[in-house]
file start_32.pdb (PDB, C-alpha atoms)
MODEL        1
ATOM      1  CA  MET A   1     230.012 -75.302 -52.720  1.00  0.00           C
ATOM      2  CA  GLY A   2     231.920 -78.529 -52.898  1.00  0.00           C
ATOM      3  CA  PHE A   3     235.254 -80.249 -53.052  1.00  0.00           C
ATOM      4  CA  VAL A   4     235.359 -82.663 -55.989  1.00  0.00           C
ATOM      5  CA  MET A   5     237.598 -85.678 -56.405  1.00  0.00           C
ATOM      6  CA  GLY A   6     238.008 -88.390 -58.960  1.00  0.00           C
ATOM      7  CA  ASN A   7     236.521 -91.798 -58.272  1.00  0.00           C
ATOM      8  CA  GLY A   8     236.265 -95.042 -60.171  1.00  0.00           C
ATOM      9  CA  THR A   9     232.972 -96.351 -61.486  1.00  0.00           C
ATOM     10  CA  GLN A  10     232.117 -99.951 -62.075  1.00  0.00           C
ATOM     11  CA  LYS A  11     231.819-100.516 -65.803  1.00  0.00           C
ATOM     12  CA  THR A  12     230.152-103.894 -65.990  1.00  0.00           C
ATOM     13  CA  GLY A  13     227.071-105.440 -64.464  1.00  0.00           C
ATOM     14  CA  LYS A  14     224.439-103.732 -62.405  1.00  0.00           C
ATOM     15  CA  ARG A  15     225.456-100.387 -60.972  1.00  0.00           C
ATOM     16  CA  PRO A  16     226.016-100.568 -57.211  1.00  0.00           C
ATOM     17  CA  ALA A  17     224.655 -98.137 -54.674  1.00  0.00           C
ATOM     18  CA  HIS A  18     226.178 -94.688 -54.460  1.00  0.00           C
ATOM     19  CA  LEU A  19     226.700 -94.048 -50.753  1.00  0.00           C
ATOM     20  CA  VAL A  20     226.297 -90.556 -49.338  1.00  0.00           C
ATOM     21  CA  TRP A  21     228.086 -90.624 -45.997  1.00  0.00           C
ATOM     22  CA  ASP A  22     227.360 -88.378 -43.057  1.00  0.00           C
ATOM     23  CA  TRP A  23     230.393 -87.107 -41.139  1.00  0.00           C
ATOM     24  CA  ASN A  24     229.758 -86.198 -37.507  1.00  0.00           C
ATOM     25  CA  GLY A  25     228.751 -89.238 -35.470  1.00  0.00           C
ATOM     26  CA  THR A  26     229.019 -91.512 -38.512  1.00  0.00           C
ATOM     27  CA  LEU A  27     232.480 -91.496 -40.089  1.00  0.00           C
ATOM     28  CA  LEU A  28     233.900 -89.301 -37.317  1.00  0.00           C
ATOM     29  CA  ASP A  29     233.628 -90.690 -33.788  1.00  0.00           C
ATOM     30  CA  ASP A  30     233.003 -87.344 -32.132  1.00  0.00           C
ATOM     31  CA  ILE A  31     230.028 -87.882 -29.827  1.00  0.00           C
ATOM     32  CA  ALA A  32     232.106 -87.211 -26.700  1.00  0.00           C
ATOM     33  CA  ALA A  33     233.249 -83.875 -28.131  1.00  0.00           C
ATOM     34  CA  VAL A  34     229.650 -83.053 -29.072  1.00  0.00           C
ATOM     35  CA  ILE A  35     228.423 -83.693 -25.515  1.00  0.00           C
ATOM     36  CA  GLU A  36     231.206 -81.563 -24.016  1.00  0.00           C
ATOM     37  CA  ALA A  37     230.508 -78.719 -26.443  1.00  0.00           C
ATOM     38  CA  THR A  38     226.745 -78.971 -25.866  1.00  0.00           C
ATOM     39  CA  ASN A  39     227.226 -78.703 -22.113  1.00  0.00           C
ATOM     40  CA  ALA A  40     229.491 -75.701 -22.605  1.00  0.00           C
ATOM     41  CA  ALA A  41     226.703 -74.075 -24.633  1.00  0.00           C
ATOM     42  CA  PHE A  42     224.138 -74.913 -21.941  1.00  0.00           C
ATOM     43  CA  ALA A  43     226.379 -73.398 -19.277  1.00  0.00           C
ATOM     44  CA  GLN A  44     226.148 -70.050 -21.056  1.00  0.00           C
ATOM     45  CA  LEU A  45     222.485 -69.935 -20.034  1.00  0.00           C
ATOM     46  CA  GLY A  46     222.902 -71.570 -16.627  1.00  0.00           C
ATOM     47  CA  MET A  47     221.397 -74.875 -17.792  1.00  0.00           C
ATOM     48  CA  ALA A  48     222.356 -78.162 -16.184  1.00  0.00           C
ATOM     49  CA  PRO A  49     224.683 -80.484 -18.143  1.00  0.00           C
ATOM     50  CA  ILE A  50     223.209 -83.323 -20.198  1.00  0.00           C
ATOM     51  CA  THR A  51     224.276 -86.961 -20.215  1.00  0.00           C
ATOM     52  CA  LEU A  52     225.033 -88.935 -23.358  1.00  0.00           C
ATOM     53  CA  GLU A  53     221.938 -91.085 -22.815  1.00  0.00           C
ATOM     54  CA  ARG A  54     219.608 -88.096 -22.464  1.00  0.00           C
ATOM     55  CA  TYR A  55     221.207 -86.403 -25.452  1.00  0.00           C
ATOM     56  CA  ARG A  56     220.607 -89.457 -27.628  1.00  0.00           C
ATOM     57  CA  ASP A  57     217.018 -89.770 -26.450  1.00  0.00           C
ATOM     58  CA  LEU A  58     216.118 -86.123 -27.116  1.00  0.00           C
ATOM     59  CA  TYR A  59     218.342 -84.990 -29.991  1.00  0.00           C
ATOM     60  CA  CYS A  60     216.587 -83.803 -33.147  1.00  0.00           C
ATOM     61  CA  VAL A  61     216.917 -81.363 -36.019  1.00  0.00           C
ATOM     62  CA  PRO A  62     216.401 -78.440 -36.311  1.00  0.00           C
ATOM     63  CA  ILE A  63     218.615 -77.823 -33.267  1.00  0.00           C
ATOM     64  CA  PRO A  64     216.382 -75.123 -31.708  1.00  0.00           C
ATOM     65  CA  VAL A  65     213.694 -77.803 -31.313  1.00  0.00           C
ATOM     66  CA  PHE A  66     216.229 -79.996 -29.481  1.00  0.00           C
ATOM     67  CA  TYR A  67     216.874 -77.089 -27.141  1.00  0.00           C
ATOM     68  CA  GLN A  68     213.104 -76.658 -26.732  1.00  0.00           C
ATOM     69  CA  ARG A  69     212.845 -80.268 -25.535  1.00  0.00           C
ATOM     70  CA  LEU A  70     215.390 -79.481 -22.854  1.00  0.00           C
ATOM     71  CA  MET A  71     214.275 -75.960 -21.893  1.00  0.00           C
ATOM     72  CA  GLY A  72     210.527 -76.416 -22.195  1.00  0.00           C
ATOM     73  CA  ARG A  73     210.458 -73.572 -24.711  1.00  0.00           C
ATOM     74  CA  LEU A  74     212.263 -72.430 -27.821  1.00  0.00           C
ATOM     75  CA  PRO A  75     215.367 -70.357 -27.120  1.00  0.00           C
ATOM     76  CA  THR A  76     215.072 -66.680 -27.932  1.00  0.00           C
ATOM     77  CA  ASP A  77     217.040 -65.384 -30.898  1.00  0.00           C
ATOM     78  CA  ALA A  78     219.613 -63.925 -28.519  1.00  0.00           C
ATOM     79  CA  GLU A  79     219.904 -67.187 -26.566  1.00  0.00           C
ATOM     80  CA  TRP A  80     220.287 -69.163 -29.773  1.00  0.00           C
ATOM     81  CA  LEU A  81     223.142 -66.979 -30.968  1.00  0.00           C
ATOM     82  CA  VAL A  82     224.962 -67.348 -27.637  1.00  0.00           C
ATOM     83  CA  MET A  83     224.488 -71.128 -27.488  1.00  0.00           C
ATOM     84  CA  ASP A  84     225.318 -71.718 -31.137  1.00  0.00           C
ATOM     85  CA  ALA A  85     228.527 -69.685 -30.912  1.00  0.00           C
ATOM     86  CA  ALA A  86     229.577 -71.434 -27.700  1.00  0.00           C
ATOM     87  CA  PHE A  87     228.899 -74.870 -29.131  1.00  0.00           C
ATOM     88  CA  HIS A  88     230.934 -74.312 -32.283  1.00  0.00           C
ATOM     89  CA  GLU A  89     233.830 -72.705 -30.420  1.00  0.00           C
ATOM     90  CA  GLN A  90     234.027 -75.589 -27.971  1.00  0.00           C
ATOM     91  CA  TYR A  91     233.405 -78.325 -30.536  1.00  0.00           C
ATOM     92  CA  TRP A  92     236.069 -77.213 -33.008  1.00  0.00           C
ATOM     93  CA  ALA A  93     238.583 -76.909 -30.189  1.00  0.00           C
ATOM     94  CA  ARG A  94     238.061 -80.648 -29.649  1.00  0.00           C
ATOM     95  CA  ALA A  95     237.367 -81.963 -33.147  1.00  0.00           C
ATOM     96  CA  ASP A  96     240.975 -82.549 -34.200  1.00  0.00           C
ATOM     97  CA  ALA A  97     241.435 -85.003 -31.343  1.00  0.00           C
ATOM     98  CA  CYS A  98     238.542 -87.171 -32.571  1.00  0.00           C
ATOM     99  CA  GLY A  99     239.313 -90.287 -34.576  1.00  0.00           C
ATOM    100  CA  LEU A 100     237.405 -92.035 -37.316  1.00  0.00           C
ATOM    101  CA  THR A 101     234.789 -94.576 -36.341  1.00  0.00           C
ATOM    102  CA  GLU A 102     236.104 -98.123 -36.108  1.00  0.00           C
ATOM    103  CA  GLY A 103     236.526 -99.638 -39.560  1.00  0.00           C
ATOM    104  CA  ALA A 104     235.615 -96.439 -41.431  1.00  0.00           C
ATOM    105  CA  ALA A 105     238.945 -95.889 -43.187  1.00  0.00           C
ATOM    106  CA  GLU A 106     239.126 -99.512 -44.345  1.00  0.00           C
ATOM    107  CA  LEU A 107     235.541 -99.504 -45.636  1.00  0.00           C
ATOM    108  CA  LEU A 108     236.053 -96.299 -47.585  1.00  0.00           C
ATOM    109  CA  ALA A 109     239.300 -97.500 -49.130  1.00  0.00           C
ATOM    110  CA  ALA A 110     237.886-100.898 -50.085  1.00  0.00           C
ATOM    111  CA  ARG A 111     234.876 -99.309 -51.704  1.00  0.00           C
ATOM    112  CA  GLN A 112     237.018 -96.950 -53.754  1.00  0.00           C
ATOM    113  CA  ARG A 113     239.260 -99.823 -54.883  1.00  0.00           C
ATOM    114  CA  ALA A 114     236.163-101.673 -56.042  1.00  0.00           C
ATOM    115  CA  GLY A 115     235.061 -98.662 -58.106  1.00  0.00           C
ATOM    116  CA  ARG A 116     231.936 -98.108 -56.033  1.00  0.00           C
ATOM    117  CA  GLY A 117     230.784 -94.523 -55.703  1.00  0.00           C
ATOM    118  CA  GLN A 118     230.597 -92.584 -52.478  1.00  0.00           C
ATOM    119  CA  SER A 119     230.444 -88.973 -51.418  1.00  0.00           C
ATOM    120  CA  LEU A 120     230.272 -87.030 -48.180  1.00  0.00           C
ATOM    121  CA  LEU A 121     227.595 -84.564 -47.092  1.00  0.00           C
ATOM    122  CA  SER A 122     227.757 -82.966 -43.672  1.00  0.00           C
ATOM    123  CA  MET A 123     226.031 -80.223 -41.752  1.00  0.00           C
ATOM    124  CA  ALA A 124     229.448 -79.220 -40.445  1.00  0.00           C
ATOM    125  CA  PRO A 125     230.551 -75.877 -41.943  1.00  0.00           C
ATOM    126  CA  HIS A 126     232.173 -76.499 -45.319  1.00  0.00           C
ATOM    127  CA  GLU A 127     235.253 -74.458 -44.467  1.00  0.00           C
ATOM    128  CA  HIS A 128     235.901 -76.679 -41.428  1.00  0.00           C
ATOM    129  CA  LEU A 129     234.847 -79.957 -43.010  1.00  0.00           C
ATOM    130  CA  VAL A 130     237.216 -80.069 -45.981  1.00  0.00           C
ATOM    131  CA  PRO A 131     240.428 -79.598 -43.941  1.00  0.00           C
ATOM    132  CA  ILE A 132     239.509 -82.147 -41.273  1.00  0.00           C
ATOM    133  CA  VAL A 133     238.555 -84.773 -43.858  1.00  0.00           C
ATOM    134  CA  ARG A 134     241.881 -84.142 -45.572  1.00  0.00           C
ATOM    135  CA  ARG A 135     243.778 -84.501 -42.288  1.00  0.00           C
ATOM    136  CA  HIS A 136     242.270 -87.956 -41.844  1.00  0.00           C
ATOM    137  CA  GLY A 137     243.644 -88.964 -45.244  1.00  0.00           C
ATOM    138  CA  ILE A 138     240.352 -90.069 -46.775  1.00  0.00           C
ATOM    139  CA  THR A 139     239.537 -87.243 -49.192  1.00  0.00           C
ATOM    140  CA  GLU A 140     240.448 -89.253 -52.276  1.00  0.00           C
ATOM    141  CA  HIS A 141     237.809 -91.871 -51.481  1.00  0.00           C
ATOM    142  CA  PHE A 142     234.931 -89.486 -52.254  1.00  0.00           C
ATOM    143  CA  LEU A 143     233.513 -88.239 -55.516  1.00  0.00           C
ATOM    144  CA  ARG A 144     232.473 -85.089 -53.687  1.00  0.00           C
ATOM    145  CA  VAL A 145     232.730 -83.540 -50.216  1.00  0.00           C
ATOM    146  CA  ASP A 146     230.103 -80.969 -49.220  1.00  0.00           C
ATOM    147  CA  GLY A 147     229.644 -79.210 -45.910  1.00  0.00           C
ATOM    148  CA  ARG A 148     226.973 -76.819 -44.783  1.00  0.00           C
ATOM    149  CA  THR A 149     226.837 -73.306 -46.130  1.00  0.00           C
ATOM    150  CA  GLY A 150     224.532 -70.806 -44.454  1.00  0.00           C
ATOM    151  CA  PRO A 151     222.802 -70.936 -41.045  1.00  0.00           C
ATOM    152  CA  SER A 152     223.240 -73.918 -38.732  1.00  0.00           C
ATOM    153  CA  HIS A 153     219.626 -74.304 -37.622  1.00  0.00           C
ATOM    154  CA  GLY A 154     218.123 -75.870 -40.762  1.00  0.00           C
ATOM    155  CA  SER A 155     217.578 -79.375 -42.091  1.00  0.00           C
ATOM    156  CA  LYS A 156     219.933 -81.437 -44.204  1.00  0.00           C
ATOM    157  CA  ALA A 157     217.291 -81.974 -46.898  1.00  0.00           C
ATOM    158  CA  GLU A 158     217.965 -78.741 -48.810  1.00  0.00           C
ATOM    159  CA  HIS A 159     221.687 -79.504 -48.797  1.00  0.00           C
ATOM    160  CA  MET A 160     221.012 -83.037 -50.065  1.00  0.00           C
ATOM    161  CA  VAL A 161     219.145 -81.658 -53.062  1.00  0.00           C
ATOM    162  CA  ARG A 162     222.144 -79.501 -53.969  1.00  0.00           C
ATOM    163  CA  HIS A 163     224.536 -82.393 -53.312  1.00  0.00           C
ATOM    164  CA  LEU A 164     222.674 -84.683 -55.709  1.00  0.00           C
ATOM    165  CA  THR A 165     222.551 -81.971 -58.371  1.00  0.00           C
ATOM    166  CA  ALA A 166     226.320 -81.587 -58.131  1.00  0.00           C
ATOM    167  CA  LEU A 167     226.881 -85.350 -58.164  1.00  0.00           C
ATOM    168  CA  ARG A 168     224.823 -85.732 -61.322  1.00  0.00           C
ATOM    169  CA  ALA A 169     226.851 -82.983 -62.978  1.00  0.00           C
ATOM    170  CA  ALA A 170     229.933 -85.146 -62.355  1.00  0.00           C
ATOM    171  CA  ASP A 171     228.197 -88.443 -63.213  1.00  0.00           C
ATOM    172  CA  PRO A 172     224.792 -88.192 -64.962  1.00  0.00           C
ATOM    173  CA  GLU A 173     224.042 -91.841 -64.158  1.00  0.00           C
ATOM    174  CA  ILE A 174     223.776 -91.133 -60.418  1.00  0.00           C
ATOM    175  CA  SER A 175     220.116 -91.008 -59.468  1.00  0.00           C
ATOM    176  CA  GLY A 176     218.113 -90.865 -56.274  1.00  0.00           C
ATOM    177  CA  GLU A 177     217.039 -94.489 -56.491  1.00  0.00           C
ATOM    178  CA  ARG A 178     220.690 -95.638 -56.534  1.00  0.00           C
ATOM    179  CA  ILE A 179     221.672 -93.472 -53.550  1.00  0.00           C
ATOM    180  CA  VAL A 180     221.767 -94.697 -49.984  1.00  0.00           C
ATOM    181  CA  VAL A 181     222.481 -92.189 -47.218  1.00  0.00           C
ATOM    182  CA  ILE A 182     224.378 -93.553 -44.221  1.00  0.00           C
ATOM    183  CA  GLY A 183     224.043 -91.358 -41.141  1.00  0.00           C
ATOM    184  CA  ASP A 184     223.414 -91.293 -37.417  1.00  0.00           C
ATOM    185  CA  ALA A 185     220.339 -89.053 -37.252  1.00  0.00           C
ATOM    186  CA  VAL A 186     216.697 -89.157 -38.262  1.00  0.00           C
ATOM    187  CA  ASP A 187     217.402 -86.019 -40.300  1.00  0.00           C
ATOM    188  CA  ASP A 188     219.660 -88.121 -42.551  1.00  0.00           C
ATOM    189  CA  ALA A 189     216.650 -90.267 -43.452  1.00  0.00           C
ATOM    190  CA  VAL A 190     214.545 -87.147 -44.050  1.00  0.00           C
ATOM    191  CA  ALA A 191     217.251 -85.780 -46.341  1.00  0.00           C
ATOM    192  CA  ALA A 192     217.411 -89.056 -48.253  1.00  0.00           C
ATOM    193  CA  ALA A 193     213.660 -89.024 -48.808  1.00  0.00           C
ATOM    194  CA  ALA A 194     213.912 -85.492 -50.210  1.00  0.00           C
ATOM    195  CA  VAL A 195     215.812 -86.829 -53.238  1.00  0.00           C
ATOM    196  CA  GLY A 196     214.044 -90.187 -53.547  1.00  0.00           C
ATOM    197  CA  ALA A 197     216.938 -92.028 -51.910  1.00  0.00           C
ATOM    198  CA  ARG A 198     217.102 -94.685 -49.202  1.00  0.00           C
ATOM    199  CA  ALA A 199     218.837 -94.454 -45.842  1.00  0.00           C
ATOM    200  CA  VAL A 200     220.541 -96.660 -43.268  1.00  0.00           C
ATOM    201  CA  LEU A 201     221.004 -95.238 -39.774  1.00  0.00           C
ATOM    202  CA  PHE A 202     223.929 -95.987 -37.452  1.00  0.00           C
ATOM    203  CA  THR A 203     223.552 -96.191 -33.661  1.00  0.00           C
ATOM    204  CA  GLY A 204     227.036 -94.919 -32.811  1.00  0.00           C
ATOM    205  CA  GLY A 205     226.278 -91.217 -32.983  1.00  0.00           C
ATOM    206  CA  SER A 206     223.621 -88.731 -31.933  1.00  0.00           C
ATOM    207  CA  HIS A 207     220.527 -90.927 -31.495  1.00  0.00           C
ATOM    208  CA  SER A 208     219.547 -93.915 -29.429  1.00  0.00           C
ATOM    209  CA  ARG A 209     218.372 -97.002 -31.318  1.00  0.00           C
ATOM    210  CA  VAL A 210     214.807 -96.370 -30.113  1.00  0.00           C
ATOM    211  CA  SER A 211     214.768 -92.800 -31.413  1.00  0.00           C
ATOM    212  CA  LEU A 212     216.210 -93.886 -34.767  1.00  0.00           C
ATOM    213  CA  THR A 213     213.476 -96.440 -35.381  1.00  0.00           C
ATOM    214  CA  VAL A 214     210.888 -93.685 -35.872  1.00  0.00           C
ATOM    215  CA  ALA A 215     212.499 -92.973 -39.259  1.00  0.00           C
ATOM    216  CA  GLY A 216     211.214 -96.294 -40.619  1.00  0.00           C
ATOM    217  CA  VAL A 217     214.539 -97.252 -42.227  1.00  0.00           C
ATOM    218  CA  PRO A 218     217.119 -99.935 -41.349  1.00  0.00           C
ATOM    219  CA  VAL A 219     219.074 -99.280 -38.146  1.00  0.00           C
ATOM    220  CA  VAL A 220     222.492-100.890 -37.664  1.00  0.00           C
ATOM    221  CA  ASP A 221     225.249-100.980 -35.062  1.00  0.00           C
ATOM    222  CA  THR A 222     228.353-100.965 -37.304  1.00  0.00           C
ATOM    223  CA  LEU A 223     229.419 -99.182 -40.468  1.00  0.00           C
ATOM    224  CA  ALA A 224     230.253-102.503 -42.124  1.00  0.00           C
ATOM    225  CA  GLU A 225     226.664-103.603 -41.589  1.00  0.00           C
ATOM    226  CA  ALA A 226     225.447-100.251 -42.930  1.00  0.00           C
ATOM    227  CA  VAL A 227     227.339-100.756 -46.194  1.00  0.00           C
ATOM    228  CA  ALA A 228     226.060-104.321 -46.591  1.00  0.00           C
ATOM    229  CA  VAL A 229     222.457-103.260 -45.969  1.00  0.00           C
ATOM    230  CA  ALA A 230     222.827-100.327 -48.364  1.00  0.00           C
ATOM    231  CA  GLU A 231     223.834-102.614 -51.218  1.00  0.00           C
ATOM    232  CA  GLU A 232     220.905-104.916 -50.455  1.00  0.00           C
ATOM    233  CA  LEU A 233     218.489-101.975 -50.596  1.00  0.00           C
ATOM    234  CA  VAL A 234     219.367-101.140 -54.197  1.00  0.00           C
ATOM    235  CA  GLY A 235     220.202-104.670 -55.366  1.00  0.00           C
TER
ENDMDL
END

call {"tool": "encode", "arguments": {"input": "start_32.pdb", "output": "structure tokens"}}
result
Amino acid sequence: MGFVMGNGTQKTGKRPAHLVWDWNGTLLDDIAAVIEATNAAFAQLGMAPITLERYRDLYCVPIPVFYQRLMGRLPTDAEWLVMDAAFHEQYWARADACGLTEGAAELLAARQRAGRGQSLLSMAPHEHLVPIVRRHGITEHFLRVDGRTGPSHGSKAEHMVRHLTALRAADPEISGERIVVIGDAVDDAVAAAAVGARAVLFTGGSHSRVSLTVAGVPVVDTLAEAVAVAEELVG
């Protein structure tokens, strides 16, 4: 499932990178809302609240494994359903108040003006993702916008495979080796590897710099730096 837009393509010279942007914690500065929603989910089971620093040190995908790191065991199926429902209820009550990450709107617009391809792939539910991206006024900058369909406890890799297939249907010249995924989680790098793409990870979201380095890909502190590094990777 996807939301497809038009986008310019550079017609001369070497083709630039096609950027696949992550949403939560990357383009959307929502980490405070994520922490508040996570603590609301923990409260459902009587767990103590978590700090931003501890969250960034321990966060991982799939989410049940993150909860295992905190609980000392995997949550039961019943516990997972309670925590997952509480998180999403609390998060989406806060999401509209979150702004874009500093410089994100300008970077996206400049890239579109230059005819350089970009798309958006998020593990946020597709039915929530499309409206919030539209409300931020950036939909037209993307060749395609895809959110998660199906359960919330999986990896982004399977969604990346489908995203690339859809991108190539729109532009057959898009290939894994020209794609760079920009995200805030190790799972973004795993998803990139699943389609033969590269990744650049941003420290402003769900992971600490130390925990991001295990992915073995470039780690940056700003989105502008992420874009510059991405172009170098495929240059």

call {"tool": "closest_residue", "arguments": {"input": "start_32.pdb", "among": "A:Gly117, A:Pro125, A:Gly25, A:Pro151", "to": "Leu223 of chain A", "atoms": "all atoms listed in the file"}}
result
A:Gly25

call {"tool": "residues_around", "arguments": {"input": "start_32.pdb", "residues": "Gly183 of chain A", "least_positions_apart": "2", "cutoff": "6 Å", "atoms": "all atoms listed in the file", "output": "ChimeraX atom specification"}}
result
/A:22,26,185,188,201-202

call {"tool": "atom_distance", "arguments": {"input": "start_32.pdb", "atom1": "atom CA of Leu164 of chain A", "atom2": "atom CA of Gly103 of chain A"}}
result
26.0 Å

call {"tool": "closest_residue", "arguments": {"input": "start_32.pdb", "among": "A:Ala157, A:Pro16, A:Trp21, A:Leu81", "to": "Val145 of chain A", "atoms": "only C-alpha atoms"}}
result
A:Trp21

call {"tool": "atom_distance", "arguments": {"input": "start_32.pdb", "atom1": "atom CA of Gly72 of chain A", "atom2": "atom CA of Val219 of chain A"}}
result
29.2 Å

call {"tool": "atom_distance", "arguments": {"input": "start_32.pdb", "atom1": "atom CA of Pro64 of chain A", "atom2": "atom CA of Phe87 of chain A"}}
result
12.8 Å

call {"tool": "resolve_selection", "arguments": {"input": "start_32.pdb", "expression": "the PyMOL selection byres ((chain A and resi 57) around 8)", "output": "ChimeraX atom specification"}}
result
/A:53-56,58-59,207-208,210-211

call {"tool": "resolve_selection", "arguments": {"input": "start_32.pdb", "expression": "the PyMOL selection byres ((chain A and resi 35-51) around 10)", "output": "MDAnalysis selection string"}}
result
chainID A and resid 30:34 52:57 67 70:71 79:80 82:94 206

call {"tool": "residues_around", "arguments": {"input": "start_32.pdb", "residues": "Ser175 of chain A", "least_positions_apart": "4", "cutoff": "10 Å", "atoms": "all atoms listed in the file", "output": "list in words"}}
result
Ala17, His18, Leu164, Thr165, Leu167, Arg168, Asp171, Ile179, Val195, Gly196 and Ala197 of chain A

call {"tool": "closest_residue", "arguments": {"input": "start_32.pdb", "among": "A:Leu121, A:Val130, A:Cys98, A:Leu19", "to": "Val234 of chain A", "atoms": "all atoms listed in the file"}}
result
A:Leu19

call {"tool": "closest_residue", "arguments": {"input": "start_32.pdb", "among": "A:Ala114, A:Ala95, A:Val181, A:Ala109", "to": "Leu129 of chain A", "atoms": "all atoms listed in the file"}}
result
A:Ala95

call {"tool": "closest_residue", "arguments": {"input": "start_32.pdb", "among": "A:Arg162, A:Trp23, A:Arg198, A:Gln68", "to": "Ile138 of chain A", "atoms": "only C-alpha atoms"}}
result
A:Trp23

call {"tool": "residues_around", "arguments": {"input": "start_32.pdb", "residues": "Thr149 of chain A", "least_positions_apart": "6", "cutoff": "9 Å", "atoms": "all atoms listed in the file", "output": "number ranges by chain"}}
result
A: 1, 123-127, 159

call {"tool": "axis_aligned_box", "arguments": {"input": "start_32.pdb", "around": "segment 25-30 of chain A", "padding_each_side": "4 Å", "output": "AutoDock Vina command-line options"}}
result
--center_x 231.3 --center_y -89.4 --center_z -36.1 --size_x 13.1 --size_y 12.2 --size_z 16.0

call {"tool": "residues_around", "arguments": {"input": "start_32.pdb", "residues": "Thr101 of chain A", "least_positions_apart": "4", "cutoff": "7 Å", "atoms": "all atoms listed in the file", "output": "PDB file with C-alpha atoms, in the coordinates of the input"}}
result
ATOM      1  CA  THR A  26     229.019 -91.512 -38.512  1.00  0.00           C
ATOM      2  CA  LEU A  27     232.480 -91.496 -40.089  1.00  0.00           C
ATOM      3  CA  LEU A  28     233.900 -89.301 -37.317  1.00  0.00           C
ATOM      4  CA  ASP A  29     233.628 -90.690 -33.788  1.00  0.00           C
TER       5      ASP A  29
END
